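Source file: protein_31.txt; contents: compact mmCIF, C-alpha atoms.
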# COMPACT_ATOMS: atom_id res chain seq x y z
CA MET Q 1 136.20 61.88 110.91
CA ARG Q 2 134.90 64.03 113.73
CA ASP Q 3 134.53 62.41 117.08
CA LEU Q 4 134.17 65.61 119.03
CA ALA Q 5 130.39 65.56 119.10
CA GLU Q 6 130.41 62.03 120.40
CA ARG Q 7 132.95 62.81 123.10
CA ARG Q 8 130.74 65.68 124.21
CA GLY Q 9 127.83 63.30 124.42
CA MET Q 10 125.97 65.11 121.66
CA ASN Q 11 123.91 63.39 119.06
CA ILE Q 12 124.81 65.32 115.97
CA SER Q 13 126.80 62.73 114.04
CA VAL Q 14 123.98 60.21 113.53
CA TYR Q 15 120.74 60.87 111.64
CA GLN Q 16 117.78 60.62 114.00
CA PRO Q 17 114.30 59.47 112.95
CA ALA Q 18 112.17 62.04 111.11
CA GLU Q 19 109.09 62.04 108.81
CA ASP Q 20 110.95 60.15 106.10
CA SER Q 21 111.93 57.40 108.57
CA GLY Q 22 108.31 57.09 109.68
CA LEU Q 23 107.12 56.72 106.11
CA LEU Q 24 109.74 54.09 105.26
CA ALA Q 25 108.88 52.13 108.43
CA ARG Q 26 105.18 52.23 107.53
CA ALA Q 27 105.81 50.85 104.04
CA ALA Q 28 108.23 48.25 105.35
CA ILE Q 29 105.91 46.98 108.10
CA ASP Q 30 103.18 46.53 105.47
CA ARG Q 31 105.32 44.73 102.93
CA VAL Q 32 108.42 43.01 104.33
CA GLN Q 33 108.82 39.27 104.58
CA GLY Q 34 111.61 36.81 105.22
CA ARG Q 35 115.05 38.36 105.51
CA VAL Q 36 115.28 42.14 105.41
CA LEU Q 37 118.21 44.54 105.02
CA GLU Q 38 117.90 48.17 106.03
CA VAL Q 39 120.69 50.13 104.33
CA GLY Q 40 121.82 53.38 105.97
CA THR Q 41 120.05 52.58 109.21
CA GLY Q 42 121.38 55.62 111.13
CA SER Q 43 120.11 55.35 114.69
CA GLY Q 44 118.52 51.98 113.87
CA TRP Q 45 114.98 53.23 114.39
CA VAL Q 46 113.46 51.84 111.17
CA ALA Q 47 115.21 48.48 111.62
CA ALA Q 48 113.86 48.30 115.18
CA GLN Q 49 110.31 49.11 113.99
CA ILE Q 50 110.50 46.28 111.44
CA ALA Q 51 111.98 43.85 113.98
CA GLU Q 52 109.35 44.72 116.60
CA ARG Q 53 106.31 44.71 114.38
CA THR Q 54 106.92 41.96 111.82
CA ASP Q 55 108.27 38.40 111.78
CA ALA Q 56 111.10 39.42 109.45
CA ASP Q 57 114.72 38.60 110.19
CA VAL Q 58 116.33 42.06 110.13
CA VAL Q 59 119.89 43.15 109.29
CA ALA Q 60 120.86 46.84 109.40
CA SER Q 61 123.92 48.44 107.83
CA ASP Q 62 125.54 51.86 107.78
CA ILE Q 63 128.80 53.36 106.56
CA ASN Q 64 129.04 55.57 109.68
CA PRO Q 65 130.68 53.92 112.73
CA HIS Q 66 128.71 56.11 115.16
CA ALA Q 67 125.47 55.03 113.51
CA CYS Q 68 126.51 51.37 113.73
CA ARG Q 69 127.14 51.79 117.45
CA GLN Q 70 123.81 53.54 118.10
CA ALA Q 71 121.91 50.97 116.06
CA THR Q 72 123.63 48.17 117.97
CA GLU Q 73 122.63 49.75 121.28
CA ARG Q 74 119.05 49.93 120.07
CA ALA Q 75 119.14 46.27 119.01
CA GLU Q 76 120.59 45.25 122.38
CA LYS Q 77 117.85 47.17 124.18
CA LEU Q 78 115.22 45.28 122.17
CA ARG Q 79 116.83 41.96 123.09
CA ALA Q 80 116.96 42.98 126.74
CA GLU Q 81 113.18 43.55 126.49
CA GLY Q 82 112.77 39.99 125.27
CA GLN Q 83 112.39 40.89 121.57
CA ARG Q 84 114.43 39.49 118.71
CA GLY Q 85 116.36 42.62 117.82
CA PHE Q 86 118.44 42.87 114.64
CA ASP Q 87 122.04 42.55 113.45
CA VAL Q 88 124.29 45.47 112.49
CA VAL Q 89 127.02 45.46 109.83
CA ARG Q 90 129.29 48.35 108.84
CA GLY Q 91 129.47 48.55 105.08
CA ASN Q 92 128.90 50.57 101.94
CA LEU Q 93 125.38 50.12 100.50
CA VAL Q 94 124.86 46.43 99.64
CA GLU Q 95 128.54 45.66 98.93
CA PRO Q 96 129.22 43.20 101.80
CA PHE Q 97 126.15 41.02 101.19
CA ARG Q 98 125.81 37.89 99.09
CA ASP Q 99 123.84 37.54 95.90
CA GLU Q 100 120.11 36.92 96.48
CA ALA Q 101 120.49 37.21 100.27
CA PHE Q 102 117.35 39.28 100.95
CA ASP Q 103 113.61 39.27 100.38
CA THR Q 104 113.41 43.00 101.07
CA VAL Q 105 115.95 45.83 101.09
CA ALA Q 106 114.79 49.16 102.57
CA PHE Q 107 116.70 52.43 102.17
CA ASN Q 108 116.16 56.02 103.25
CA PRO Q 109 119.07 57.56 101.34
CA PRO Q 110 120.84 60.90 101.78
CA TYR Q 111 118.94 62.90 99.18
CA LEU Q 112 119.28 66.64 99.70
CA PRO Q 113 121.10 68.38 96.86
CA GLU Q 114 124.30 69.69 98.33
CA HIS Q 115 125.40 73.25 98.92
CA PRO Q 116 127.39 74.55 95.90
CA ASP Q 117 130.56 74.48 98.03
CA GLY Q 118 130.28 70.71 98.31
CA THR Q 119 129.80 68.30 101.17
CA PRO Q 120 132.54 68.25 103.75
CA GLN Q 121 133.79 64.67 103.67
CA ASP Q 122 134.71 64.79 107.35
CA ASP Q 123 131.18 65.45 108.56
CA TRP Q 124 129.04 62.33 109.14
CA MET Q 125 125.77 64.24 109.48
CA GLU Q 126 126.32 66.07 106.19
CA GLN Q 127 127.00 62.72 104.56
CA ALA Q 128 123.79 61.33 106.04
CA LEU Q 129 121.75 64.15 104.53
CA THR Q 130 123.25 65.17 101.23
CA GLY Q 131 123.36 63.24 97.99
CA GLY Q 132 125.74 65.25 95.86
CA GLU Q 133 124.94 68.02 93.39
CA ASP Q 134 121.65 66.51 92.18
CA GLY Q 135 120.73 64.63 95.38
CA ARG Q 136 121.23 61.28 93.66
CA ALA Q 137 124.93 60.56 94.29
CA VAL Q 138 124.02 57.70 96.66
CA ILE Q 139 120.63 56.76 95.17
CA ASP Q 140 122.12 55.94 91.74
CA PRO Q 141 124.74 53.43 92.94
CA PHE Q 142 122.10 51.89 95.21
CA LEU Q 143 119.75 51.37 92.25
CA ASP Q 144 122.61 49.98 90.18
CA SER Q 145 123.61 47.40 92.82
CA VAL Q 146 120.56 46.41 94.90
CA GLY Q 147 119.24 43.90 92.36
CA ARG Q 148 122.20 41.61 93.01
CA VAL Q 149 121.32 41.02 96.68
CA LEU Q 150 117.56 40.62 96.16
CA LYS Q 151 115.99 37.21 95.74
CA PRO Q 152 114.27 36.75 92.35
CA ASP Q 153 110.89 37.74 93.81
CA GLY Q 154 112.42 40.21 96.27
CA GLU Q 155 111.55 43.88 96.59
CA ALA Q 156 113.47 47.10 97.32
CA LEU Q 157 111.73 49.88 99.24
CA LEU Q 158 113.37 53.22 98.42
CA LEU Q 159 112.38 56.53 99.95
CA VAL Q 160 112.41 59.25 97.30
CA SER Q 161 111.98 62.97 97.85
CA SER Q 162 110.73 65.33 95.17
CA LEU Q 163 113.85 67.37 96.04
CA SER Q 164 116.13 64.80 94.45
CA GLY Q 165 114.15 64.36 91.22
CA TYR Q 166 111.42 61.73 91.28
CA ASP Q 167 111.33 61.15 87.50
CA GLU Q 168 115.10 60.76 87.31
CA VAL Q 169 115.00 58.14 90.09
CA LEU Q 170 112.22 56.25 88.27
CA ALA Q 171 114.24 56.34 85.03
CA ARG Q 172 117.31 54.92 86.79
CA ALA Q 173 115.20 52.18 88.40
CA GLU Q 174 113.74 51.26 85.00
CA ALA Q 175 117.21 51.24 83.42
CA ASN Q 176 118.12 48.63 86.03
CA GLY Q 177 115.16 46.48 85.05
CA PHE Q 178 112.86 47.28 87.96
CA ASP Q 179 109.10 47.60 87.81
CA HIS Q 180 107.90 50.17 90.31
CA GLU Q 181 104.84 51.13 92.28
CA VAL Q 182 104.11 53.65 94.99
CA ALA Q 183 103.99 51.96 98.41
CA VAL Q 184 103.16 55.14 100.35
CA GLN Q 185 103.33 58.83 99.56
CA GLU Q 186 102.92 62.00 101.64
CA SER Q 187 103.22 65.68 100.82
CA TYR Q 188 104.87 68.19 103.11
CA PRO Q 189 105.21 71.96 102.63
CA PHE Q 190 108.55 71.75 100.79
CA GLU Q 191 108.68 68.23 99.40
CA THR Q 192 106.70 65.13 98.56
CA LEU Q 193 108.04 61.90 100.02
CA THR Q 194 107.36 58.60 98.29
CA VAL Q 195 108.35 55.08 99.18
CA LEU Q 196 108.85 53.28 95.88
CA ALA Q 197 108.49 49.51 95.78
CA LEU Q 198 110.87 48.10 93.16
CA LYS Q 199 110.64 44.55 91.90
CA MET T 200 127.47 39.70 115.27
CA LYS T 201 125.83 36.32 115.28
CA GLU T 202 127.58 33.47 113.50
CA SER T 203 124.46 32.94 111.37
CA LEU T 204 125.28 36.21 109.58
CA MET T 205 128.04 34.31 107.76
CA ASP T 206 125.27 32.96 105.48
CA ILE T 207 124.66 36.41 103.98
CA LEU T 208 128.02 38.19 104.24
CA CYS T 209 130.70 38.22 101.55
CA ASP T 210 133.94 39.97 100.76
CA PRO T 211 132.92 43.46 99.54
CA LEU T 212 135.82 43.47 97.08
CA ASP T 213 134.96 40.41 94.97
CA LYS T 214 131.85 38.85 96.62
CA SER T 215 133.83 35.71 97.52
CA GLU T 216 133.34 33.87 100.79
CA LEU T 217 134.76 34.92 104.13
CA THR T 218 136.23 32.84 106.92
CA LEU T 219 135.57 33.73 110.54
CA GLU T 220 138.18 33.92 113.30
CA VAL T 221 136.80 34.50 116.79
CA ASP T 222 138.74 36.09 119.66
CA GLU T 223 135.85 36.66 122.07
CA ARG T 224 132.28 35.40 122.32
CA ASP T 225 129.38 36.41 124.55
CA GLY T 226 126.74 33.68 124.25
CA ASP T 227 125.96 33.32 120.52
CA GLU T 228 127.35 36.81 119.87
CA ILE T 229 130.85 37.23 118.39
CA VAL T 230 132.26 40.30 120.13
CA GLU T 231 135.82 40.43 118.83
CA GLY T 232 137.47 38.71 115.89
CA ARG T 233 137.87 39.08 112.16
CA LEU T 234 136.51 38.05 108.79
CA ILE T 235 139.05 37.12 106.15
CA GLY T 236 138.49 37.08 102.40
CA THR T 237 139.14 33.54 101.14
CA VAL T 238 140.31 34.90 97.78
CA THR T 239 141.57 38.43 98.52
CA GLY T 240 143.13 37.64 101.92
CA GLU T 241 141.74 40.99 103.12
CA VAL T 242 141.11 41.16 106.87
CA TYR T 243 137.90 42.77 108.13
CA PRO T 244 137.79 43.42 111.88
CA ILE T 245 134.88 42.59 114.19
CA GLU T 246 134.94 45.09 117.07
CA ASP T 247 132.35 45.46 119.83
CA GLY T 248 130.20 42.96 117.96
CA ILE T 249 130.13 44.98 114.71
CA PRO T 250 131.84 43.55 111.62
CA ASN T 251 133.50 46.30 109.57
CA LEU T 252 133.10 45.23 105.96
CA LEU T 253 134.10 48.50 104.36
CA PRO T 254 136.68 47.95 101.65
CA PRO T 255 140.19 48.93 102.82
CA ASP T 256 140.22 52.27 100.98
CA MET T 257 137.06 53.40 102.83
CA ARG T 258 137.98 52.04 106.22
CA ASP T 259 140.30 54.71 107.61
CA ALA T 260 137.56 56.89 109.04
Would you kindly transcribe this structure into structure tokens?
Amino acid sequence: MRDLAERRGMNISVYQPAEDSGLLARAAIDRVQGRVLEVGTGSGWVAAQIAERTDADVVASDINPHACRQATERAEKLRAEGQRGFDVVRGNLVEPFRDEAFDTVAFNPPYLPEHPDGTPQDDWMEQALTGGEDGRAVIDPFLDSVGRVLKPDGEALLLVSSLSGYDEVLARAEANGFDHEVAVQESYPFETLTVLALK
Amino acid sequence: MKESLMDILCDPLDKSELTLEVDERDGDEIVEGRLIGTVTGEVYPIEDGIPNLLPPDMRDA
């Protein structure tokens, strides 16, 4: 993987907070309880928002080592300010977590349909943004696996863009036995962003 | 990572339990060490406080 950007002190290998992050944080702050996992935390901004503004016990994970490092720095900064912070784990989706470990799992997935030439596998930022040909290459395995780590009354909060096929995401959630409702929704010029609450 | 994380972590390969070996602590934070799959024997490093629980075939990056 590319380390050049990091060595140059540039911040182009880790996804930084944008509108979608803000929307996920808003839904999470309203709804989380108990122990929370944020999957694909990137810079750790959403995890930090949840840790700062709720009583939840927050764990953040990412597949990208640069993201894990940035998120850890953010958590350490919170602790230095006298706040509780959060824990960071490098892993793929919910794979390294035990059955029924969480009350809430929040995820802002890579969801942009990829360029026809494919996603370069050596580029962390591309991986953070693109979800395969249909935009659902990461969303689908998340929906197929998140139920295992949720407590029986737990809830997943999934950010969905109209660009990656809202109805298809709902169908996949239903196929995995989830009931769904809209936690928050906002429209932007090129896409509508929804945070789905899945139970 | 904090030791309390052991309550929610498992081996990504088969969801079995992990054992913790600590090389360096800083307060209640484990800075360096490893997690070992009790069934698979797979070793997952903890570096700079971050446990790397990617399965071996995804870990090379």
Chain T contacts on chain Q, only C-alpha atoms, 9 Å, as an MDAnalysis selection string: chainID Q and resid 1:2 59 63:65 68:69 72 87:92 94:102 122
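Atom CA of Gln33 of chain Q sits 8.0 Å away from atom CA of Thr54 of chain Q.
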Separation of atom CA of Glu228 of chain T from atom CA of Ala128 of chain Q, in Å and rounded to one decimal: 28.4 Å
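Put simply, atom CA of Val14 of chain Q is 8.1 Å away from atom CA of Gln70 of chain Q.
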Could you tell me, as a tab-separated table (two decimals) with C-alpha atoms, in the frame of the given file, which residues have any atom at most 10 Å from (114.0, 60.9, 96.5), counting all atoms listed in the file?
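Writing done, so here's result-v4.tsv:
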chain	number	residue	atom	x	y	z
Q	108	ASN	CA	116.16	56.02	103.25
Q	109	PRO	CA	119.07	57.56	101.34
Q	110	PRO	CA	120.84	60.90	101.78
Q	111	TYR	CA	118.94	62.90	99.18
Q	112	LEU	CA	119.28	66.64	99.70
Q	131	GLY	CA	123.36	63.24	97.99
Q	135	GLY	CA	120.73	64.63	95.38
Q	136	ARG	CA	121.23	61.28	93.66
Q	139	ILE	CA	120.63	56.76	95.17
Q	158	LEU	CA	113.37	53.22	98.42
Q	159	LEU	CA	112.38	56.53	99.95
Q	160	VAL	CA	112.41	59.25	97.30
Q	161	SER	CA	111.98	62.97	97.85
Q	162	SER	CA	110.73	65.33	95.17
Q	163	LEU	CA	113.85	67.37	96.04
Q	164	SER	CA	116.13	64.80	94.45
Q	165	GLY	CA	114.15	64.36	91.22
Q	166	TYR	CA	111.42	61.73	91.28
Q	167	ASP	CA	111.33	61.15	87.50
Q	168	GLU	CA	115.10	60.76	87.31
Q	169	VAL	CA	115.00	58.14	90.09
Q	170	LEU	CA	112.22	56.25	88.27
Q	191	GLU	CA	108.68	68.23	99.40
Q	192	THR	CA	106.70	65.13	98.56
Q	193	LEU	CA	108.04	61.90	100.02
Q	194	THR	CA	107.36	58.60	98.29
Q	195	VAL	CA	108.35	55.08	99.18
Q	196	LEU	CA	108.85	53.28	95.88
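For Ala25 of chain Q, the set of protein, DNA and RNA residues having any atom at most 9 Å away, when counting all atoms listed in the file and skipping those fewer than 6 positions along the same chain, is Trp45, Val46, Ala47, Gln49, Ile50 and Ala106 of chain Q.
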Residues near Asp222 of chain T, cut-off 9 Å, all atoms listed in the file, skip fewer than 4 positions along chain, as a PyMOL selection string: chain T and resi 229-233
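Proximity to Tyr243 of chain T was assessed for T:Pro255, T:Asp227, T:Glu202, T:Val221 counting only C-alpha atoms; the smallest distance is recorded for T:Pro255.
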Tell me, as a PDB file with C-alpha atoms, in the frame of the given file, which residues lie within 9 Å of Lys199 of chain Q, counting all atoms listed in the file; anything in the same chain fewer than 3 positions away does not count.
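Printed below is result-v8.pdb as written:
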ATOM      1  CA  GLY Q 147     119.240  43.900  92.360  1.00  0.00           C
ATOM      2  CA  PRO Q 152     114.270  36.750  92.350  1.00  0.00           C
ATOM      3  CA  ASP Q 153     110.890  37.740  93.810  1.00  0.00           C
ATOM      4  CA  GLY Q 154     112.420  40.210  96.270  1.00  0.00           C
ATOM      5  CA  GLU Q 155     111.550  43.880  96.590  1.00  0.00           C
ATOM      6  CA  ALA Q 156     113.470  47.100  97.320  1.00  0.00           C
ATOM      7  CA  GLY Q 177     115.160  46.480  85.050  1.00  0.00           C
ATOM      8  CA  PHE Q 178     112.860  47.280  87.960  1.00  0.00           C
ATOM      9  CA  ASP Q 179     109.100  47.600  87.810  1.00  0.00           C
ATOM     10  CA  HIS Q 180     107.900  50.170  90.310  1.00  0.00           C
ATOM     11  CA  GLU Q 181     104.840  51.130  92.280  1.00  0.00           C
TER      12      GLU Q 181
END
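Near Gln83 of chain Q, within a cut-off of 10 Å and counting all atoms listed in the file, sit the residues Ala48, Ala51, Glu52, Ala75, Glu76, Lys77 and Leu78 of chain Q, with same-chain residues fewer than 5 positions away left out.
With all atoms listed in the file as the basis for measurement, Q:Thr104 is the residue among Q:Thr104, Q:Ser21, Q:Ser187, Q:Ser13 that approaches Lys151 of chain Q most closely.
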